[in-house]
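As stored in target11.pdb (PDB, C-alpha atoms and all ligand atoms):
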```pdb
ATOM      1  CA  MET A 222      33.897 -97.140-123.503
ATOM      2  CA  ASN A 223      34.136-100.806-122.540
ATOM      3  CA  GLY A 224      35.933-102.326-125.589
ATOM      4  CA  TYR A 225      34.981-100.758-128.903
ATOM      5  CA  VAL A 226      32.984-103.532-130.648
ATOM      6  CA  HIS A 227      34.153-102.587-134.164
ATOM      7  CA  GLY A 228      37.855-102.351-133.248
ATOM      8  CA  TYR A 229      40.533-100.070-134.712
ATOM      9  CA  THR A 230      41.616-102.114-137.754
ATOM     10  CA  GLU A 231      42.401-100.696-141.203
ATOM     11  CA  LYS A 232      39.254-102.396-142.548
ATOM     12  CA  GLU A 233      37.130-100.670-139.889
ATOM     13  CA  ALA A 234      38.749 -97.304-140.643
ATOM     14  CA  SER A 235      37.876 -97.661-144.308
ATOM     15  CA  ARG A 236      34.328 -98.792-143.394
ATOM     16  CA  LEU A 237      33.894 -95.594-141.353
ATOM     17  CA  VAL A 238      35.064 -93.532-144.324
ATOM     18  CA  ASP A 239      32.745 -95.377-146.761
ATOM     19  CA  GLN A 240      29.906 -94.770-144.310
ATOM     20  CA  ALA A 241      30.652 -91.060-144.036
ATOM     21  CA  THR A 242      30.978 -90.547-147.801
ATOM     22  CA  THR A 243      27.774 -92.390-148.606
ATOM     23  CA  LEU A 244      25.716 -90.603-145.996
ATOM     24  CA  THR A 245      27.118 -87.097-146.214
ATOM     25  CA  GLU A 246      24.072 -85.500-147.795
ATOM     26  CA  LEU A 247      21.531 -87.330-145.640
ATOM     27  CA  LEU A 248      23.243 -86.665-142.325
ATOM     28  CA  HIS A 249      25.149 -83.415-142.733
ATOM     29  CA  SER A 250      23.478 -81.205-145.331
ATOM     30  CA  ASP A 251      21.761 -79.152-142.616
ATOM     31  CA  THR A 252      24.839 -78.709-140.403
ATOM     32  CA  ALA A 253      26.842 -75.501-140.929
ATOM     33  CA  TYR A 254      28.612 -73.407-138.318
ATOM     34  CA  PRO A 255      29.002 -69.631-138.611
ATOM     35  CA  ALA A 256      32.312 -67.918-139.347
ATOM     36  CA  GLY A 257      34.458 -67.522-136.261
ATOM     37  CA  SER A 258      32.683 -70.171-134.186
ATOM     38  CA  LEU A 259      34.630 -72.728-132.193
ATOM     39  CA  VAL A 260      33.307 -76.285-132.475
ATOM     40  CA  LEU A 261      34.205 -79.366-130.435
ATOM     41  CA  GLU A 262      33.948 -82.655-132.310
ATOM     42  CA  ALA A 263      33.945 -85.293-129.581
ATOM     43  CA  GLY A 264      35.028 -88.812-130.627
ATOM     44  CA  CYS A 265      36.246 -87.858-134.114
ATOM     45  CA  GLY A 266      37.744 -91.298-134.793
ATOM     46  CA  VAL A 267      39.651 -91.490-138.080
ATOM     47  CA  GLY A 268      38.188 -88.155-139.201
ATOM     48  CA  ALA A 269      35.460 -89.541-141.452
ATOM     49  CA  GLN A 270      32.945 -86.858-140.401
ATOM     50  CA  THR A 271      35.589 -84.231-139.654
ATOM     51  CA  ILE A 272      36.278 -83.702-143.358
ATOM     52  CA  THR A 273      32.624 -82.974-144.109
ATOM     53  CA  LEU A 274      32.224 -80.743-141.076
ATOM     54  CA  ALA A 275      35.372 -78.721-141.702
ATOM     55  CA  ALA A 276      34.754 -78.391-145.452
ATOM     56  CA  GLY A 277      31.104 -77.422-144.880
ATOM     57  CA  SER A 278      32.004 -74.670-142.395
ATOM     58  CA  PRO A 279      35.342 -73.390-143.704
ATOM     59  CA  GLN A 280      35.339 -70.310-141.503
ATOM     60  CA  ALA A 281      34.613 -72.141-138.262
ATOM     61  CA  GLU A 282      37.431 -73.623-136.156
ATOM     62  CA  PHE A 283      37.190 -77.260-135.066
ATOM     63  CA  ILE A 284      38.869 -78.983-132.170
ATOM     64  CA  SER A 285      38.412 -82.690-132.816
ATOM     65  CA  VAL A 286      39.204 -85.039-129.945
ATOM     66  CA  ASP A 287      39.349 -88.791-129.552
ATOM     67  CA  ILE A 288      40.622 -91.165-126.915
ATOM     68  CA  SER A 289      42.562 -93.214-129.511
ATOM     69  CA  GLN A 290      45.927 -91.793-130.498
ATOM     70  CA  GLU A 291      46.047 -94.154-133.483
ATOM     71  CA  SER A 292      42.714 -92.937-134.862
ATOM     72  CA  LEU A 293      43.810 -89.326-134.348
ATOM     73  CA  ALA A 294      46.950 -89.931-136.417
ATOM     74  CA  GLN A 295      44.798 -91.213-139.308
ATOM     75  CA  ALA A 296      42.360 -88.326-138.885
ATOM     76  CA  ARG A 297      45.228 -85.807-139.042
ATOM     77  CA  GLN A 298      46.520 -87.377-142.255
ATOM     78  CA  ARG A 299      43.076 -87.446-143.835
ATOM     79  CA  VAL A 300      42.281 -83.818-143.026
ATOM     80  CA  HIS A 301      45.735 -82.719-144.180
ATOM     81  CA  ALA A 302      45.311 -84.609-147.478
ATOM     82  CA  GLU A 303      42.043 -82.725-148.038
ATOM     83  CA  GLY A 304      43.894 -79.441-147.584
ATOM     84  CA  LEU A 305      41.712 -78.405-144.652
ATOM     85  CA  ARG A 306      43.349 -76.005-142.218
ATOM     86  CA  ASN A 307      40.545 -75.315-139.750
ATOM     87  CA  VAL A 308      40.900 -78.437-137.589
ATOM     88  CA  THR A 309      43.107 -79.062-134.563
ATOM     89  CA  PHE A 310      43.305 -82.608-133.253
ATOM     90  CA  GLN A 311      43.867 -83.410-129.622
ATOM     91  CA  ARG A 312      43.802 -86.601-127.580
ATOM     92  CA  ALA A 313      41.133 -86.306-124.902
ATOM     93  CA  ASP A 314      38.610 -88.367-122.991
ATOM     94  CA  MET A 315      35.036 -87.106-123.302
ATOM     95  CA  PHE A 316      34.584 -87.834-119.605
ATOM     96  CA  ASN A 317      37.514 -85.623-118.643
ATOM     97  CA  LEU A 318      37.726 -82.876-121.235
ATOM     98  CA  PRO A 319      40.758 -80.599-120.828
ATOM     99  CA  PHE A 320      38.811 -77.411-121.620
ATOM    100  CA  ALA A 321      37.409 -74.608-119.500
ATOM    101  CA  ALA A 322      33.670 -74.425-118.869
ATOM    102  CA  ASP A 323      31.683 -72.556-121.566
ATOM    103  CA  HIS A 324      34.607 -72.781-124.012
ATOM    104  CA  PHE A 325      32.879 -73.915-127.250
ATOM    105  CA  ASP A 326      30.142 -72.358-129.366
ATOM    106  CA  HIS A 327      28.965 -75.754-130.598
ATOM    107  CA  VAL A 328      29.507 -79.452-129.970
ATOM    108  CA  PHE A 329      29.202 -82.293-132.484
ATOM    109  CA  VAL A 330      29.048 -85.995-131.589
ATOM    110  CA  CYS A 331      28.544 -88.738-134.182
ATOM    111  CA  PHE A 332      28.380 -92.532-133.683
ATOM    112  CA  VAL A 333      30.043 -92.310-130.267
ATOM    113  CA  LEU A 334      27.269 -92.546-127.634
ATOM    114  CA  GLU A 335      26.244 -96.018-128.873
ATOM    115  CA  HIS A 336      29.610 -97.341-127.642
ATOM    116  CA  LEU A 337      29.504 -95.805-124.160
ATOM    117  CA  SER A 338      28.119 -97.461-121.056
ATOM    118  CA  GLU A 339      27.270 -94.009-119.658
ATOM    119  CA  PRO A 340      26.061 -91.896-122.591
ATOM    120  CA  ALA A 341      24.021 -89.585-120.341
ATOM    121  CA  GLU A 342      27.106 -88.776-118.306
ATOM    122  CA  ALA A 343      29.127 -88.115-121.476
ATOM    123  CA  LEU A 344      26.503 -85.579-122.546
ATOM    124  CA  ILE A 345      26.795 -83.797-119.214
ATOM    125  CA  HIS A 346      30.575 -83.574-119.661
ATOM    126  CA  VAL A 347      30.344 -82.058-123.138
ATOM    127  CA  GLN A 348      27.627 -79.710-121.914
ATOM    128  CA  ARG A 349      30.044 -78.265-119.354
ATOM    129  CA  VAL A 350      32.416 -77.037-122.069
ATOM    130  CA  LEU A 351      29.594 -75.615-124.215
ATOM    131  CA  LYS A 352      28.685 -71.908-123.958
ATOM    132  CA  PRO A 353      25.173 -71.048-122.773
ATOM    133  CA  GLY A 354      23.042 -70.801-125.919
ATOM    134  CA  GLY A 355      25.438 -73.065-127.835
ATOM    135  CA  SER A 356      24.184 -76.071-129.774
ATOM    136  CA  ILE A 357      24.867 -79.768-129.553
ATOM    137  CA  THR A 358      24.361 -82.047-132.550
ATOM    138  CA  VAL A 359      24.279 -85.795-131.994
ATOM    139  CA  ILE A 360      23.941 -88.413-134.733
ATOM    140  CA  GLU A 361      23.415 -92.094-133.953
ATOM    141  CA  GLY A 362      22.098 -95.166-135.723
ATOM    142  CA  ASP A 363      19.665 -97.768-134.416
ATOM    143  CA  HIS A 364      20.246-101.337-135.526
ATOM    144  CA  GLY A 365      16.659-102.263-134.649
ATOM    145  CA  SER A 366      15.610-100.087-137.592
ATOM    146  CA  ALA A 367      17.099-102.436-140.217
ATOM    147  CA  TYR A 368      14.622-104.280-142.432
ATOM    148  CA  PHE A 369      15.114-105.643-145.885
ATOM    149  CA  HIS A 370      13.994-107.769-148.809
ATOM    150  CA  PRO A 371      14.319-110.699-149.175
ATOM    151  CA  ASP A 372      13.533-111.008-145.484
ATOM    152  CA  SER A 373      15.680-113.534-143.639
ATOM    153  CA  ILE A 374      15.555-114.853-140.111
ATOM    154  CA  HIS A 375      19.263-115.698-140.405
ATOM    155  CA  ALA A 376      20.161-112.142-141.388
ATOM    156  CA  SER A 377      18.090-110.819-138.456
ATOM    157  CA  LYS A 378      19.897-113.234-136.117
ATOM    158  CA  ALA A 379      23.287-112.019-137.374
ATOM    159  CA  ILE A 380      22.265-108.401-136.720
ATOM    160  CA  GLN A 381      21.016-109.416-133.271
ATOM    161  CA  CYS A 382      24.487-110.836-132.523
ATOM    162  CA  LEU A 383      26.002-107.392-133.107
ATOM    163  CA  ILE A 384      23.321-105.788-130.919
ATOM    164  CA  ASP A 385      24.005-108.325-128.145
ATOM    165  CA  LEU A 386      27.801-108.038-128.368
ATOM    166  CA  GLN A 387      27.622-104.266-128.197
ATOM    167  CA  ALA A 388      25.319-104.544-125.169
ATOM    168  CA  ARG A 389      27.741-107.001-123.515
ATOM    169  CA  GLY A 390      30.474-104.395-124.012
ATOM    170  CA  GLY A 391      28.326-101.801-122.239
ATOM    171  CA  GLY A 392      27.092-100.056-125.403
ATOM    172  CA  ASP A 393      23.673 -99.685-126.974
ATOM    173  CA  SER A 394      23.307-100.020-130.734
ATOM    174  CA  LEU A 395      19.595 -99.173-130.372
ATOM    175  CA  ILE A 396      20.461 -95.741-128.989
ATOM    176  CA  GLY A 397      19.046 -93.710-131.906
ATOM    177  CA  ARG A 398      15.526 -94.007-130.527
ATOM    178  CA  ARG A 399      16.766 -92.773-127.118
ATOM    179  CA  LEU A 400      18.373 -89.520-128.241
ATOM    180  CA  TYR A 401      15.465 -87.270-127.292
ATOM    181  CA  PRO A 402      15.166 -88.450-123.667
ATOM    182  CA  LEU A 403      18.952 -88.607-123.280
ATOM    183  CA  LEU A 404      19.473 -85.000-124.356
ATOM    184  CA  VAL A 405      16.499 -83.683-122.389
ATOM    185  CA  GLN A 406      17.604 -85.531-119.248
ATOM    186  CA  ALA A 407      21.139 -84.143-119.670
ATOM    187  CA  GLY A 408      19.591 -80.654-119.469
ATOM    188  CA  PHE A 409      19.597 -79.551-123.117
ATOM    189  CA  ARG A 410      16.637 -77.447-124.199
ATOM    190  CA  ASP A 411      14.642 -77.149-127.432
ATOM    191  CA  VAL A 412      15.717 -80.646-128.414
ATOM    192  CA  ARG A 413      14.582 -81.749-131.871
ATOM    193  CA  VAL A 414      15.253 -85.175-133.321
ATOM    194  CA  SER A 415      14.892 -85.985-136.982
ATOM    195  CA  PRO A 416      14.930 -89.568-138.273
ATOM    196  CA  ARG A 417      16.996 -89.965-141.433
ATOM    197  CA  MET A 418      16.047 -93.089-143.320
ATOM    198  CA  VAL A 419      18.344 -94.681-145.817
ATOM    199  CA  TYR A 420      16.335 -96.573-148.409
ATOM    200  CA  VAL A 421      18.238 -98.664-150.932
ATOM    201  CA  ASP A 422      16.971-100.493-153.995
ATOM    202  CA  GLY A 423      18.260-101.580-157.400
ATOM    203  CA  SER A 424      17.876 -98.074-158.812
ATOM    204  CA  ARG A 425      20.534 -96.819-156.343
ATOM    205  CA  PRO A 426      23.615 -98.946-157.061
ATOM    206  CA  ALA A 427      25.971 -96.533-155.288
ATOM    207  CA  LEU A 428      23.987 -96.888-152.053
ATOM    208  CA  MET A 429      23.749-100.650-152.508
ATOM    209  CA  ASP A 430      27.492-100.788-152.594
ATOM    210  CA  GLY A 431      28.356 -97.927-150.224
ATOM    211  CA  PHE A 432      25.680 -98.538-147.613
ATOM    212  CA  THR A 433      24.152-102.043-147.775
ATOM    213  CA  ARG A 434      27.394-103.863-148.566
ATOM    214  CA  LYS A 435      30.275-101.740-147.368
ATOM    215  CA  THR A 436      28.710-100.004-144.388
ATOM    216  CA  PHE A 437      25.995-102.092-142.791
ATOM    217  CA  THR A 438      26.828-105.655-143.838
ATOM    218  CA  ALA A 439      30.566-105.051-143.398
ATOM    219  CA  MET A 440      29.872-103.809-139.871
ATOM    220  CA  VAL A 441      27.850-106.921-138.968
ATOM    221  CA  GLU A 442      30.362-109.215-140.688
ATOM    222  CA  GLY A 443      33.162-107.662-138.628
ATOM    223  CA  VAL A 444      31.906-109.231-135.380
ATOM    224  CA  GLY A 445      31.524-112.775-136.791
ATOM    225  CA  GLU A 446      34.482-114.337-135.047
ATOM    226  CA  GLN A 447      33.463-112.860-131.706
ATOM    227  CA  ALA A 448      29.786-113.829-132.116
ATOM    228  CA  ILE A 449      30.673-117.450-132.904
ATOM    229  CA  GLY A 450      33.455-117.491-130.283
ATOM    230  CA  GLU A 451      31.094-116.307-127.556
ATOM    231  CA  GLY A 452      28.510-118.920-128.550
ATOM    232  CA  LEU A 453      25.854-116.449-129.710
ATOM    233  CA  ILE A 454      25.393-118.275-133.011
ATOM    234  CA  ASP A 455      26.796-121.320-134.838
ATOM    235  CA  GLY A 456      29.108-120.907-137.819
ATOM    236  CA  ALA A 457      26.646-122.172-140.442
ATOM    237  CA  SER A 458      23.809-119.868-139.313
ATOM    238  CA  TRP A 459      26.239-116.963-139.218
ATOM    239  CA  ALA A 460      27.471-117.618-142.757
ATOM    240  CA  LYS A 461      23.875-117.872-144.015
ATOM    241  CA  GLY A 462      22.938-114.631-142.210
ATOM    242  CA  ILE A 463      25.811-112.733-143.834
ATOM    243  CA  ARG A 464      25.058-114.258-147.251
ATOM    244  CA  ASP A 465      21.421-113.188-146.880
ATOM    245  CA  LEU A 466      22.467-109.644-145.953
ATOM    246  CA  TYR A 467      24.617-109.427-149.098
ATOM    247  CA  ARG A 468      21.655-110.898-151.010
ATOM    248  CA  THR A 469      19.627-107.756-150.179
ATOM    249  CA  ALA A 470      22.157-105.793-152.268
ATOM    250  CA  GLU A 471      21.309-107.715-155.439
ATOM    251  CA  PRO A 472      19.348-105.691-158.025
ATOM    252  CA  ASP A 473      15.979-107.078-156.809
ATOM    253  CA  GLY A 474      16.792-106.581-153.099
ATOM    254  CA  THR A 475      15.964-103.593-150.868
ATOM    255  CA  PHE A 476      17.323-102.317-147.567
ATOM    256  CA  CYS A 477      16.106 -99.750-145.013
ATOM    257  CA  TYR A 478      17.909 -98.255-142.024
ATOM    258  CA  THR A 479      17.192 -95.185-139.921
ATOM    259  CA  PHE A 480      19.691 -92.796-138.361
ATOM    260  CA  PHE A 481      18.619 -90.209-135.807
ATOM    261  CA  LYS A 482      19.974 -86.667-135.678
ATOM    262  CA  ALA A 483      19.331 -84.588-132.568
ATOM    263  CA  VAL A 484      20.007 -80.897-132.045
ATOM    264  CA  GLY A 485      19.639 -79.197-128.662
ATOM    265  CA  TYR A 486      20.857 -76.092-126.851
ATOM    266  CA  LYS A 487      22.503 -75.349-123.516
TER     267      LYS A 487
HETATM  268  C1  LIG A 501      32.400 -95.398-134.227
HETATM  269  S1  LIG A 501      33.718 -94.340-133.918
HETATM  270  C2  LIG A 501      33.043 -92.880-134.650
HETATM  271  C3  LIG A 501      34.079 -91.930-135.095
HETATM  272  C4  LIG A 501      33.565 -90.725-135.858
HETATM  273  N1  LIG A 501      32.756 -89.859-135.031
HETATM  274  C5  LIG A 501      32.787 -91.151-137.099
HETATM  275  O1  LIG A 501      31.565 -90.939-137.136
HETATM  276  O2  LIG A 501      33.391 -91.693-138.024
HETATM  277  C6  LIG A 501      33.651 -93.994-132.158
HETATM  278  C7  LIG A 501      34.844 -93.206-131.675
HETATM  279  O3  LIG A 501      34.625 -92.765-130.328
HETATM  280  C8  LIG A 501      35.865 -92.780-129.661
HETATM  281  N2  LIG A 501      35.647 -92.763-128.198
HETATM  282  C9  LIG A 501      35.084 -93.716-127.448
HETATM  283  N3  LIG A 501      35.081 -93.364-126.144
HETATM  284  C10 LIG A 501      35.632 -92.145-126.075
HETATM  285  C11 LIG A 501      35.905 -91.252-125.007
HETATM  286  N4  LIG A 501      35.597 -91.557-123.739
HETATM  287  N5  LIG A 501      36.482 -90.077-125.284
HETATM  288  C12 LIG A 501      36.809 -89.751-126.559
HETATM  289  N6  LIG A 501      36.583 -90.567-127.622
HETATM  290  C13 LIG A 501      36.006 -91.748-127.381
HETATM  291  C14 LIG A 501      36.524 -94.063-130.165
HETATM  292  O4  LIG A 501      37.921 -94.068-129.958
HETATM  293  C15 LIG A 501      36.128 -94.029-131.641
HETATM  294  O5  LIG A 501      37.115 -93.386-132.419
END
```

Encoded form (structure tokens):
Amino acid sequence: MNGYVHGYTEKEASRLVDQATTLTELLHSDTAYPAGSLVLEAGCGVGAQTITLAAGSPQAEFISVDISQESLAQARQRVHAEGLRNVTFQRADMFNLPFAADHFDHVFVCFVLEHLSEPAEALIHVQRVLKPGGSITVIEGDHGSAYFHPDSIHASKAIQCLIDLQARGGGDSLIGRRLYPLLVQAGFRDVRVSPRMVYVDGSRPALMDGFTRKTFTAMVEGVGEQAIGEGLIDGASWAKGIRDLYRTAEPDGTFCYTFFKAVGYK
């Protein structure tokens, strides 16, 4: 990963947790691992998804790895506070996993590939440690899928700044639409991708707050300094773009975003 665009701040950690809580049903309701299975969660971060995974499959064992020791410490705390005992955390690089070939029954990767300059290679590395017949589940967003009311050219420009900054760092925030070819090219079979659209309007105040404000807009807002500093946008246009994004979370606003969930087999 060439510089994680969202950083490792406390605010970002809490954004990741808000995101996971808001989207649990949409993204995870169809993920459950059988009793006794060993699951690798690659790039677990602060444990936002780990809690859902481990609670949803209480008789499976999880090994959750991340390259950031700091994130792992928060993840450990979070999982401990939830009273979950089926997760072991370990510092590891996805590109150099310290596990034998064919070690895991299943692999889970969420919101990680978008930050990597070589996502296809990362998939090949996790495939090595997966048993033949085992499954991989990958969940990613796609910032090109965001549209909203009231429409705003300034809001679109602010989102484009995040897309461009992530691309400059070697990542791809439009990766959701690429999951099928990426998994097939990495050698996974029976790959199925399902788009998961979040639709928010005034009748869903929890989503307005949890998703439109605290997940998506907070994520865009987080790169403001960098976007202005690197000359991608001027300060006034940026401020208007962020204001217009928050405006979509007023009772007469609406917001749409699509995540992509892929499942394939080795
Ligand atoms: C956006 S966070 C997602 C965390 C978590 N999966 C979630 O959905 O909340 C991306 C995570 O990938 C981790 N990461 C990036 N490159 C990695 C690598 N080569 N090996 C292991 N973890 C990596 C980062 O440290 C970060 O915690």

remark   = With distances taken over all atoms listed in the file, the candidate from A:Glu342, A:Glu303, A:Asp251, A:Asp326 nearest ligand LIG 501 (chain A) is A:Glu342

ask   = Leaving out segment 265-267 of chain A and any residue of its chain fewer than 4 positions from it, which residues lie within 9 Å of it when counting all atoms listed in the file, given as a VMD selection string?
value = chain A and resid 234 to 235 237 to 238 271 285 to 289 291 to 297 299 310 330 to 331 333

key: Distance criterion (all atoms listed in the file): nearest to ligand LIG 501 (chain A) out of A:His336, A:Arg398, A:His324, A:Arg389   = A:His336

task = Apply the PyMOL selection byres (((chain A and resi 433) around 12) and not hetatm) to the structure shown and report the selected residues as a ChimeraX atom specification.
result = /A:236,239-240,243-244,367-370,419-423,425-432,434-442,463,465-472,474-478

inquiry  = I need the residue nearest Glu446 of chain A from this list: A:Val226, A:Ser250, A:Asp323, A:Leu344. Use all atoms listed in the file for the distance.
reply    =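 Answer, going by the shortest atom-to-atom distance: A:Val226.
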
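Candidate residues A:Gln381, A:Ser415, A:Asn317, A:Gln298 were compared for distance to His346 of chain A, and the nearest is A:Asn317, using all atoms listed in the file.
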
Separation of atom CA of Ile360 of chain A from atom CA of Arg417 of chain A, in Å and rounded to one decimal =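 About the pair atom CA of Ile360 of chain A and atom CA of Arg417 of chain A: they are 9.8 Å apart.
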
request  = May I ask for the distance between atom CA of Glu361 of chain A and atom CA of Tyr254 of chain A, given in Å to one decimal place?
outcome  =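 Spanning atom CA of Glu361 of chain A to atom CA of Tyr254 of chain A is a straight-line distance of 19.9 Å.
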
inquiry  = When the PyMOL selection byres (((chain A and resi 455-458) around 12) and not hetatm) is applied to the structure above, which residues does it catch, written out as a list in words?
reply    = Ser373, Ile374, His375, Ala376, Ser377, Lys378, Ala379, Ile380, Cys382, Gly445, Glu446, Gln447, Ala448, Ile449, Gly450, Glu451, Gly452, Leu453, Ile454, Trp459, Ala460, Lys461, Gly462, Ile463, Arg464 and Asp465 of chain A

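Atom pair atom CA of Thr479 of chain A / atom CA of Gly365 of chain A: separated by 8.8 Å.
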
Centre and size of axis-aligned box enclosing ligand LIG 501 (chain A) plus 6 Å each side, as AutoDock Vina command-line options:
```
--center_x 34.7 --center_y -92.6 --center_z -130.9 --size_x 18.4 --size_y 17.6 --size_z 26.3
```

Selection dump of the PyMOL selection byres (((chain A and resi 343) around 10) and not hetatm), as a ChimeraX atom specification = /A:263,314-317,333-334,337-342,344-348,407

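Minimum atom-to-atom distance to ligand LIG 501 (chain A), evaluated using all atoms listed in the file, belongs to A:Ser394 out of A:Ser394, A:Ser366, A:Gln280, A:Asn307.
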
message = So, with all atoms listed in the file as the atoms that count, which of A:Leu318, A:Ala276, A:Ala483, A:Ile384 lies closest to ligand LIG 501 (chain A)?
response =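 The shortest atom-to-atom distance to ligand LIG 501 (chain A) comes from A:Leu318.
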